[in-house]
$ cat structure.csv   # CSV, C-alpha atoms
chain,number,residue,atom,x,y,z
A,1,LYS,CA,33.5,44.6,122.3
A,2,MET,CA,34.8,42.0,124.8
A,3,GLY,CA,33.3,40.0,127.6
A,4,GLY,CA,34.1,40.3,131.3
A,5,ILE,CA,34.2,43.3,133.6
A,6,TYR,CA,37.7,44.6,132.9
A,7,ALA,CA,39.5,45.5,129.7
A,8,PRO,CA,43.2,46.3,129.1
A,9,ARG,CA,43.8,50.1,128.7
A,10,PRO,CA,46.4,51.1,126.1
A,11,SER,CA,49.5,52.8,127.5
A,12,SER,CA,50.2,56.4,126.5
A,13,GLY,CA,52.1,56.4,123.2
A,14,PRO,CA,52.0,57.4,119.5
A,15,HIS,CA,48.2,57.1,119.1
A,16,LYS,CA,45.2,58.5,120.8
A,17,LEU,CA,43.4,56.4,123.3
A,18,ASN,CA,40.3,56.0,121.1
A,19,GLU,CA,42.3,55.3,118.0
A,20,CYS,CA,44.4,52.3,119.0
A,21,ILE,CA,44.3,48.7,120.2
A,22,PRO,CA,46.6,47.4,123.0
A,23,MET,CA,49.2,44.8,122.1
A,24,VAL,CA,47.6,42.2,124.5
A,25,LEU,CA,44.4,42.2,122.4
A,26,VAL,CA,46.4,41.8,119.2
A,27,LEU,CA,48.3,38.7,120.4
A,28,ARG,CA,45.6,37.1,122.5
A,29,ASN,CA,42.2,38.0,120.9
A,30,ARG,CA,43.1,38.6,117.2
A,31,LEU,CA,46.2,36.4,116.4
A,32,LYS,CA,45.4,33.8,119.0
A,33,TYR,CA,49.1,33.4,119.9
A,34,ALA,CA,48.2,33.4,123.6
A,35,LEU,CA,45.3,32.2,125.7
A,36,THR,CA,45.8,34.5,128.7
A,37,ARG,CA,47.3,37.9,129.5
A,38,ARG,CA,50.1,36.1,131.3
A,39,GLU,CA,51.1,34.3,128.1
A,40,VAL,CA,51.2,37.6,126.2
A,41,LEU,CA,53.5,39.0,128.9
A,42,MET,CA,55.9,36.1,128.4
A,43,ILE,CA,55.9,36.6,124.6
A,44,CYS,CA,56.6,40.4,125.0
A,45,MET,CA,59.2,40.0,127.7
A,46,ARG,CA,61.1,37.6,125.4
A,47,ARG,CA,61.3,40.5,123.0
A,48,LEU,CA,59.5,38.6,120.2
A,49,VAL,CA,57.3,41.4,119.0
A,50,GLN,CA,58.2,44.5,117.0
A,51,VAL,CA,56.1,47.5,116.1
A,52,ASP,CA,57.4,49.7,113.3
A,53,GLY,CA,60.8,47.9,113.5
A,54,LYS,CA,61.3,48.5,117.2
A,55,ILE,CA,61.0,45.8,119.9
A,56,ARG,CA,58.1,46.5,122.3
A,57,SER,CA,57.9,44.7,125.6
A,58,ASP,CA,54.9,46.6,126.9
A,59,ILE,CA,51.8,44.4,126.6
A,60,ASN,CA,49.6,47.5,126.5
A,61,PHE,CA,51.6,49.3,123.9
A,62,PRO,CA,49.1,51.1,121.6
A,63,CYS,CA,48.9,49.8,118.0
A,64,GLY,CA,47.1,52.2,115.7
A,65,PHE,CA,46.2,52.6,112.0
A,66,GLN,CA,49.1,51.8,109.6
A,67,ASP,CA,51.4,50.4,112.3
A,68,VAL,CA,53.5,47.4,111.1
A,69,ILE,CA,53.6,44.5,113.6
A,70,THR,CA,56.4,42.1,113.0
A,71,LEU,CA,56.9,38.6,114.6
A,72,PRO,CA,60.5,37.7,113.5
A,73,LYS,CA,60.2,34.2,115.0
A,74,SER,CA,57.3,33.2,112.8
A,75,GLY,CA,58.3,35.4,109.9
A,76,GLU,CA,54.9,37.2,109.9
A,77,ASN,CA,54.1,40.8,109.2
A,78,PHE,CA,50.8,42.6,109.8
A,79,ARG,CA,49.6,46.1,109.1
A,80,VAL,CA,46.9,47.5,111.4
A,81,PHE,CA,44.0,48.5,109.2
A,82,TYR,CA,40.2,49.2,109.4
A,83,ASP,CA,37.6,46.9,108.0
A,84,THR,CA,34.5,48.4,106.3
A,85,LYS,CA,32.7,48.6,109.6
A,86,GLY,CA,35.5,50.7,111.1
A,87,ARG,CA,36.9,47.9,113.3
A,88,PHE,CA,40.6,47.2,113.6
A,89,THR,CA,41.8,44.3,111.5
A,90,LEU,CA,45.3,42.8,111.0
A,91,HIS,CA,46.2,42.7,107.3
A,92,PRO,CA,49.0,40.2,106.5
A,93,ILE,CA,51.7,41.8,104.4
A,94,SER,CA,55.0,40.8,102.7
A,95,GLU,CA,58.5,41.4,104.0
A,96,LYS,CA,59.0,44.1,101.4
A,97,GLU,CA,55.8,46.0,102.3
A,98,ALA,CA,56.7,45.8,106.0
A,99,GLY,CA,59.6,48.1,105.3
A,100,TYR,CA,57.4,51.2,105.0
A,101,LYS,CA,54.2,52.8,106.3
A,102,LEU,CA,51.9,55.6,105.4
A,103,CYS,CA,51.6,58.6,107.7
A,104,ARG,CA,49.0,61.5,107.6
A,105,VAL,CA,50.6,64.9,107.9
A,106,SER,CA,48.9,66.7,110.9
A,107,ARG,CA,51.2,69.7,111.1
A,108,VAL,CA,53.7,71.6,109.0
A,109,ALA,CA,56.0,74.0,110.9
A,110,ARG,CA,59.5,75.4,111.3
A,111,GLY,CA,61.6,74.8,114.4
A,112,ASN,CA,62.8,78.2,115.6
A,113,LYS,CA,65.3,77.0,118.1
A,114,ALA,CA,67.2,74.5,116.1
A,115,SER,CA,70.7,73.8,117.6
A,116,SER,CA,71.9,71.0,115.4
A,117,GLY,CA,71.6,70.7,111.6
A,118,HIS,CA,70.9,74.4,110.8
A,119,ASN,CA,72.9,76.6,108.5
A,120,PRO,CA,75.3,78.7,110.7
A,121,PHE,CA,75.5,81.5,108.2
A,122,LEU,CA,71.8,82.2,108.3
A,123,VAL,CA,69.9,84.1,111.0
A,124,GLY,CA,66.3,84.5,112.2
A,125,GLN,CA,63.5,82.6,110.4
A,126,LYS,CA,65.9,81.5,107.6
A,127,LYS,CA,67.9,79.7,110.2
A,128,SER,CA,65.0,77.5,111.4
A,129,ILE,CA,64.5,73.9,110.3
A,130,PRO,CA,61.2,73.0,108.5
A,131,TYR,CA,59.5,69.8,109.8
A,132,ILE,CA,56.2,68.0,109.7
A,133,THR,CA,54.4,66.1,112.4
A,134,THR,CA,52.4,62.9,111.5
A,135,HIS,CA,49.4,61.2,112.9
A,136,ASP,CA,51.5,58.7,114.8
A,137,GLY,CA,53.6,61.2,116.6
A,138,ARG,CA,56.6,61.3,114.3
A,139,THR,CA,58.6,64.4,113.5
A,140,ILE,CA,60.3,64.4,110.1
A,141,ARG,CA,62.8,67.2,109.4
A,142,TYR,CA,63.4,68.7,106.0
A,143,PRO,CA,60.3,67.3,104.2
A,144,ASP,CA,59.4,68.0,100.6
A,145,PRO,CA,58.5,71.8,100.5
A,146,ASP,CA,55.2,70.9,98.7
A,147,VAL,CA,53.9,68.8,101.6
A,148,ARG,CA,50.8,70.2,103.2
A,149,VAL,CA,48.5,69.3,106.1
A,150,ASN,CA,46.2,66.3,105.3
A,151,ASP,CA,48.7,64.9,102.7
A,152,THR,CA,50.1,61.4,103.2
A,153,VAL,CA,53.8,60.7,103.3
A,154,LYS,CA,55.4,57.3,102.8
A,155,VAL,CA,57.9,56.7,105.6
A,156,ASP,CA,60.8,54.2,105.5
A,157,ILE,CA,60.6,52.4,108.8
A,158,ALA,CA,64.3,51.6,109.0
A,159,THR,CA,65.5,55.2,108.5
A,160,GLY,CA,62.5,57.2,109.6
A,161,LYS,CA,62.8,59.3,106.5
A,162,MET,CA,60.0,60.2,104.1
A,163,THR,CA,60.5,58.7,100.6
A,164,GLU,CA,57.4,60.1,98.7
A,165,PHE,CA,54.1,61.8,99.3
A,166,VAL,CA,50.6,62.0,97.9
A,167,PRO,CA,48.6,65.2,98.2
A,168,PHE,CA,45.1,65.5,99.5
A,169,ALA,CA,43.3,66.3,96.2
A,170,ILE,CA,40.2,65.5,94.2
A,171,GLY,CA,40.5,62.1,92.4
A,172,ASN,CA,42.8,60.5,95.0
A,173,LEU,CA,42.0,57.3,96.9
A,174,VAL,CA,41.2,57.9,100.6
A,175,ILE,CA,39.9,56.0,103.6
A,176,SER,CA,37.7,57.4,106.4
A,177,THR,CA,39.3,56.7,109.7
A,178,ARG,CA,36.7,58.2,112.1
A,179,GLY,CA,33.0,58.9,112.3
A,180,SER,CA,30.0,56.8,111.2
A,181,ASN,CA,31.8,56.1,107.8
A,182,ALA,CA,35.0,54.8,109.4
A,183,GLY,CA,36.7,52.1,107.3
A,184,ARG,CA,35.0,53.1,104.0
A,185,ILE,CA,37.4,53.5,101.0
A,186,GLY,CA,36.6,55.7,98.0
A,187,VAL,CA,37.8,58.5,95.7
A,188,VAL,CA,37.5,62.2,96.6
A,189,GLU,CA,34.7,63.7,94.4
A,190,HIS,CA,34.3,67.2,95.9
A,191,ILE,CA,35.7,69.3,98.7
A,192,GLU,CA,33.4,71.8,100.4
A,193,ARG,CA,35.4,74.5,102.2
A,194,HIS,CA,33.6,76.4,104.9
A,195,PRO,CA,35.9,79.1,106.4
A,196,GLY,CA,35.5,79.2,110.2
A,197,THR,CA,34.0,75.7,110.4
A,198,TYR,CA,34.6,72.2,109.2
A,199,THR,CA,35.7,71.4,105.6
A,200,ILE,CA,33.4,68.6,104.2
A,201,VAL,CA,34.8,66.0,101.8
A,202,HIS,CA,32.5,64.1,99.4
A,203,ILE,CA,33.7,60.5,98.5
A,204,LYS,CA,32.4,57.9,96.1
A,205,ASP,CA,33.2,54.2,96.7
A,206,ARG,CA,33.6,51.3,94.2
A,207,ARG,CA,29.9,50.6,94.3
A,208,GLU,CA,29.1,54.2,93.3
A,209,HIS,CA,27.7,55.0,96.7
A,210,GLN,CA,28.5,58.5,98.0
A,211,PHE,CA,29.2,59.6,101.5
A,212,ALA,CA,30.5,62.8,103.2
A,213,THR,CA,32.8,63.3,106.2
A,214,ARG,CA,35.0,66.0,107.8
A,215,VAL,CA,38.4,66.5,106.4
A,216,GLU,CA,40.0,65.5,109.7
A,217,ASN,CA,38.6,62.0,109.3
A,218,ILE,CA,40.3,61.5,105.9
A,219,PHE,CA,43.5,59.5,105.3
A,220,VAL,CA,44.9,59.5,101.7
A,221,LEU,CA,45.9,56.0,100.5
A,222,GLY,CA,47.2,56.7,97.0
A,223,LYS,CA,47.3,58.8,93.9
A,224,GLY,CA,44.3,58.2,91.6
A,225,THR,CA,42.8,54.8,92.3
A,226,ASN,CA,46.2,53.1,93.0
A,227,PRO,CA,46.8,52.5,96.7
A,228,MET,CA,50.4,52.9,98.0
A,229,CYS,CA,49.9,49.9,100.3
A,230,SER,CA,47.9,46.6,99.8
A,231,LEU,CA,44.4,46.7,101.1
A,232,PRO,CA,42.6,43.9,103.0
A,233,LYS,CA,40.1,41.9,101.0
A,234,GLN,CA,36.7,42.9,102.3
A,235,LYS,CA,34.1,40.2,102.9
$ encode --input "structure.csv" --output "structure tokens"
Amino acid sequence: KMGGIYAPRPSSGPHKLNECIPMVLVLRNRLKYALTRREVLMICMRRLVQVDGKIRSDINFPCGFQDVITLPKSGENFRVFYDTKGRFTLHPISEKEAGYKLCRVSRVARGNKASSGHNPFLVGQKKSIPYITTHDGRTIRYPDPDVRVNDTVKVDIATGKMTEFVPFAIGNLVISTRGSNAGRIGVVEHIERHPGTYTIVHIKDRREHQFATRVENIFVLGKGTNPMCSLPKQK
């Protein structure tokens, strides 16, 4: 929540409007690198800000969950995360960790009109290229054949290729990204499948408190209780 009458609206981009924060709020309100919107414009136009390894000069560029924000001039890297109240927080990370991000698989499909990269000796469905779509709008071709919707893949930012994946399964560490439990981290205890309506996931956090949410709100962070990326220290 901000003061004033107006608020910056995120540009259209890789994240949904209600699941992102514009770059101007990151640099001005969170990191305090600027006092005004005009100063943020100067910083971005000098090409000093990178999101997921690409220079972004749009001050309203949408930054969403798991995005890596890099400031080469100061040598700082941040990962966009949620705090326990479901608010966006910027988690400082190392140079090594800034080289990858986690992406939730939102779709698994086959491209039926592949023109480049397919086997010329195959026809029909065998000729098509398998691919996955992630929560941040990426399309990754030729994924691991075991990857399913709701799994999490580890993506190398420099190449855009997936290096490993963690399945959505009982006993794995997850975070709730939406709903009234947004930001809460725990281990999957039970999955209630209701054909025709929402699948409900029951989660237990470190303090042995249980909560339930829809499967669409779940983001897998790691196998067992070991997260694949560092987590912010909660106050």
$ atom_distance --input "structure.csv" --atom1 "CA of Asp83 in chain A" --atom2 "CA of Met2 in chain A"
17.7 Å
$ closest_atom_pairs --input "structure.csv" --of "range 150-191 of chain A" --to "range 129-135 of chain A" --cutoff "10 Å" --atoms "all atoms listed in the file" --output "Markdown table"
| residue | atom | partner | partner_atom | distance |
| --- | --- | --- | --- | --- |
| A:Asn150 | CA | A:Thr134 | CA | 9.4 |
| A:Asp151 | CA | A:Thr134 | CA | 9.8 |
| A:Thr152 | CA | A:Thr134 | CA | 8.7 |
| A:Val153 | CA | A:Thr134 | CA | 8.6 |
$ residues_around --input "structure.csv" --residues "Phe211 in chain A" --least-positions-apart "2" --cutoff "8 Å" --atoms "only C-alpha atoms" --output "list of chain:residue names"
A:Asn181, A:His202, A:Ile203, A:Lys204, A:His209, A:Thr213
$ closest_residue --input "structure.csv" --among "A:His190, A:Arg107, A:Lys96, A:Lys127" --to "Ala158 in chain A" --atoms "only C-alpha atoms"
A:Lys96
$ residues_around --input "structure.csv" --residues "Asp58 in chain A" --least-positions-apart "2" --cutoff "12 Å" --atoms "only C-alpha atoms" --output "list in words"
Pro8, Arg9, Pro10, Ser11, Ser12, Gly13, Pro22, Met23, Val24, Arg37, Val40, Leu41, Met42, Ile43, Cys44, Met45, Arg46, Arg47, Leu48, Val49, Gln50, Val51, Lys54, Ile55, Arg56, Asn60, Phe61, Pro62 and Cys63 of chain A
$ closest_residue --input "structure.csv" --among "A:Lys101, A:Lys16, A:Arg207, A:Arg193" --to "Ser230 in chain A" --atoms "only C-alpha atoms"
A:Lys101
$ atom_distance --input "structure.csv" --atom1 "CA of Ala169 in chain A" --atom2 "CA of Ser106 in chain A"
15.7 Å
$ closest_residue --input "structure.csv" --among "A:Phe65, A:Tyr6, A:Phe121, A:Phe81" --to "Leu231 in chain A" --atoms "all atoms listed in the file"
A:Phe81
$ atom_distance --input "structure.csv" --atom1 "CA of Glu216 in chain A" --atom2 "CA of Arg138 in chain A"
17.7 Å
$ closest_atom_pairs --input "structure.csv" --of "range 56-155 of chain A" --to "range 159-164 of chain A" --cutoff "10 Å" --atoms "all atoms listed in the file" --output "Markdown table"
| residue | atom | partner | partner_atom | distance |
| --- | --- | --- | --- | --- |
| A:Gly99 | CA | A:Thr159 | CA | 9.8 |
| A:Tyr100 | CA | A:Gly160 | CA | 9.1 |
| A:Lys101 | CA | A:Met162 | CA | 9.7 |
| A:Leu102 | CA | A:Met162 | CA | 9.4 |
| A:Cys103 | CA | A:Met162 | CA | 9.3 |
| A:Arg138 | CA | A:Gly160 | CA | 8.6 |
| A:Thr139 | CA | A:Gly160 | CA | 9.1 |
| A:Ile140 | CA | A:Lys161 | CA | 6.7 |
| A:Arg141 | CA | A:Lys161 | CA | 8.4 |
| A:Tyr142 | CA | A:Met162 | CA | 9.3 |
| A:Pro143 | CA | A:Met162 | CA | 7.1 |
| A:Asp144 | CA | A:Glu164 | CA | 8.4 |
| A:Val147 | CA | A:Glu164 | CA | 9.8 |
| A:Thr152 | CA | A:Glu164 | CA | 8.7 |
| A:Val153 | CA | A:Glu164 | CA | 5.9 |
| A:Lys154 | CA | A:Glu164 | CA | 5.4 |
| A:Val155 | CA | A:Met162 | CA | 4.3 |
$ residues_around --input "structure.csv" --residues "Thr89 in chain A" --least-positions-apart "5" --cutoff "10 Å" --atoms "all atoms listed in the file" --output "ChimeraX atom specification"
/A:26,30,65,78-84,232
$ closest_residue --input "structure.csv" --among "A:Asn112, A:Thr199, A:Thr70, A:Thr36" --to "Ile93 in chain A" --atoms "only C-alpha atoms"
A:Thr70
$ closest_residue --input "structure.csv" --among "A:Ala34, A:Val215, A:Leu25, A:Ile175" --to "Ile191 in chain A" --atoms "all atoms listed in the file"
A:Val215
$ closest_residue --input "structure.csv" --among "A:Asp52, A:Glu192, A:Glu76, A:Glu39" --to "Gly64 in chain A" --atoms "all atoms listed in the file"
A:Asp52
$ decode --input "structure.csv" --residues "range 155-184 of chain A" --atoms "N, CA and C atoms" --output "short mmCIF file (atom, residue, chain, number, x, y, z; two decimals), in the first residue's frame"
data_model
loop_
_atom_site.label_atom_id
_atom_site.label_comp_id
_atom_site.auth_asym_id
_atom_site.auth_seq_id
_atom_site.Cartn_x
_atom_site.Cartn_y
_atom_site.Cartn_z
N VAL A 155 16.03 -23.34 -13.99
CA VAL A 155 16.40 -22.80 -15.32
C VAL A 155 17.70 -22.02 -15.21
N ASP A 156 18.63 -22.34 -16.09
CA ASP A 156 19.87 -21.57 -16.19
C ASP A 156 19.56 -20.27 -16.93
N ILE A 157 19.79 -19.13 -16.27
CA ILE A 157 19.38 -17.84 -16.85
C ILE A 157 20.18 -17.50 -18.11
N ALA A 158 21.46 -17.85 -18.14
CA ALA A 158 22.30 -17.49 -19.29
C ALA A 158 21.85 -18.22 -20.56
N THR A 159 21.51 -19.50 -20.44
CA THR A 159 21.16 -20.29 -21.62
C THR A 159 19.65 -20.43 -21.82
N GLY A 160 18.87 -20.27 -20.75
CA GLY A 160 17.42 -20.46 -20.83
C GLY A 160 17.01 -21.91 -20.83
N LYS A 161 17.97 -22.82 -20.55
CA LYS A 161 17.67 -24.25 -20.56
C LYS A 161 17.45 -24.76 -19.14
N MET A 162 16.65 -25.81 -19.03
CA MET A 162 16.38 -26.39 -17.72
C MET A 162 17.50 -27.35 -17.36
N THR A 163 17.94 -27.30 -16.09
CA THR A 163 19.04 -28.16 -15.65
C THR A 163 18.57 -29.32 -14.78
N GLU A 164 17.54 -29.10 -13.96
CA GLU A 164 16.96 -30.18 -13.17
C GLU A 164 15.53 -29.80 -12.81
N PHE A 165 14.80 -30.76 -12.22
CA PHE A 165 13.42 -30.46 -11.84
C PHE A 165 13.07 -31.20 -10.56
N VAL A 166 12.05 -30.68 -9.87
CA VAL A 166 11.54 -31.30 -8.65
C VAL A 166 10.05 -31.56 -8.86
N PRO A 167 9.58 -32.79 -8.65
CA PRO A 167 8.16 -33.07 -8.87
C PRO A 167 7.29 -32.53 -7.74
N PHE A 168 6.05 -32.24 -8.07
CA PHE A 168 5.06 -31.87 -7.06
C PHE A 168 4.59 -33.18 -6.42
N ALA A 169 5.04 -33.45 -5.18
CA ALA A 169 4.72 -34.72 -4.53
C ALA A 169 4.68 -34.54 -3.02
N ILE A 170 4.09 -35.50 -2.35
CA ILE A 170 4.01 -35.47 -0.88
C ILE A 170 5.42 -35.53 -0.30
N GLY A 171 5.68 -34.69 0.71
CA GLY A 171 6.99 -34.68 1.37
C GLY A 171 7.94 -33.63 0.85
N ASN A 172 7.56 -32.91 -0.23
CA ASN A 172 8.44 -31.88 -0.78
C ASN A 172 8.11 -30.50 -0.21
N LEU A 173 9.11 -29.63 -0.20
CA LEU A 173 8.97 -28.28 0.34
C LEU A 173 8.27 -27.37 -0.67
N VAL A 174 7.24 -26.65 -0.23
CA VAL A 174 6.48 -25.77 -1.14
C VAL A 174 6.23 -24.43 -0.47
N ILE A 175 5.88 -23.44 -1.29
CA ILE A 175 5.44 -22.13 -0.79
C ILE A 175 4.09 -21.83 -1.44
N SER A 176 3.21 -21.22 -0.69
CA SER A 176 1.93 -20.78 -1.24
C SER A 176 2.12 -19.38 -1.80
N THR A 177 1.76 -19.20 -3.07
CA THR A 177 2.02 -17.91 -3.73
C THR A 177 0.78 -17.04 -3.86
N ARG A 178 -0.40 -17.60 -3.57
CA ARG A 178 -1.63 -16.82 -3.67
C ARG A 178 -2.57 -17.22 -2.54
N GLY A 179 -3.67 -16.49 -2.42
CA GLY A 179 -4.67 -16.83 -1.42
C GLY A 179 -4.34 -16.24 -0.06
N SER A 180 -5.11 -16.61 0.94
CA SER A 180 -4.93 -16.05 2.29
C SER A 180 -3.69 -16.60 2.97
N ASN A 181 -3.11 -17.68 2.45
CA ASN A 181 -1.88 -18.25 3.03
C ASN A 181 -0.64 -17.89 2.22
N ALA A 182 -0.74 -16.87 1.37
CA ALA A 182 0.39 -16.50 0.50
C ALA A 182 1.64 -16.21 1.33
N GLY A 183 2.77 -16.78 0.89
CA GLY A 183 4.04 -16.55 1.58
C GLY A 183 4.40 -17.62 2.59
N ARG A 184 3.46 -18.49 2.95
CA ARG A 184 3.75 -19.52 3.94
C ARG A 184 4.47 -20.69 3.28
#
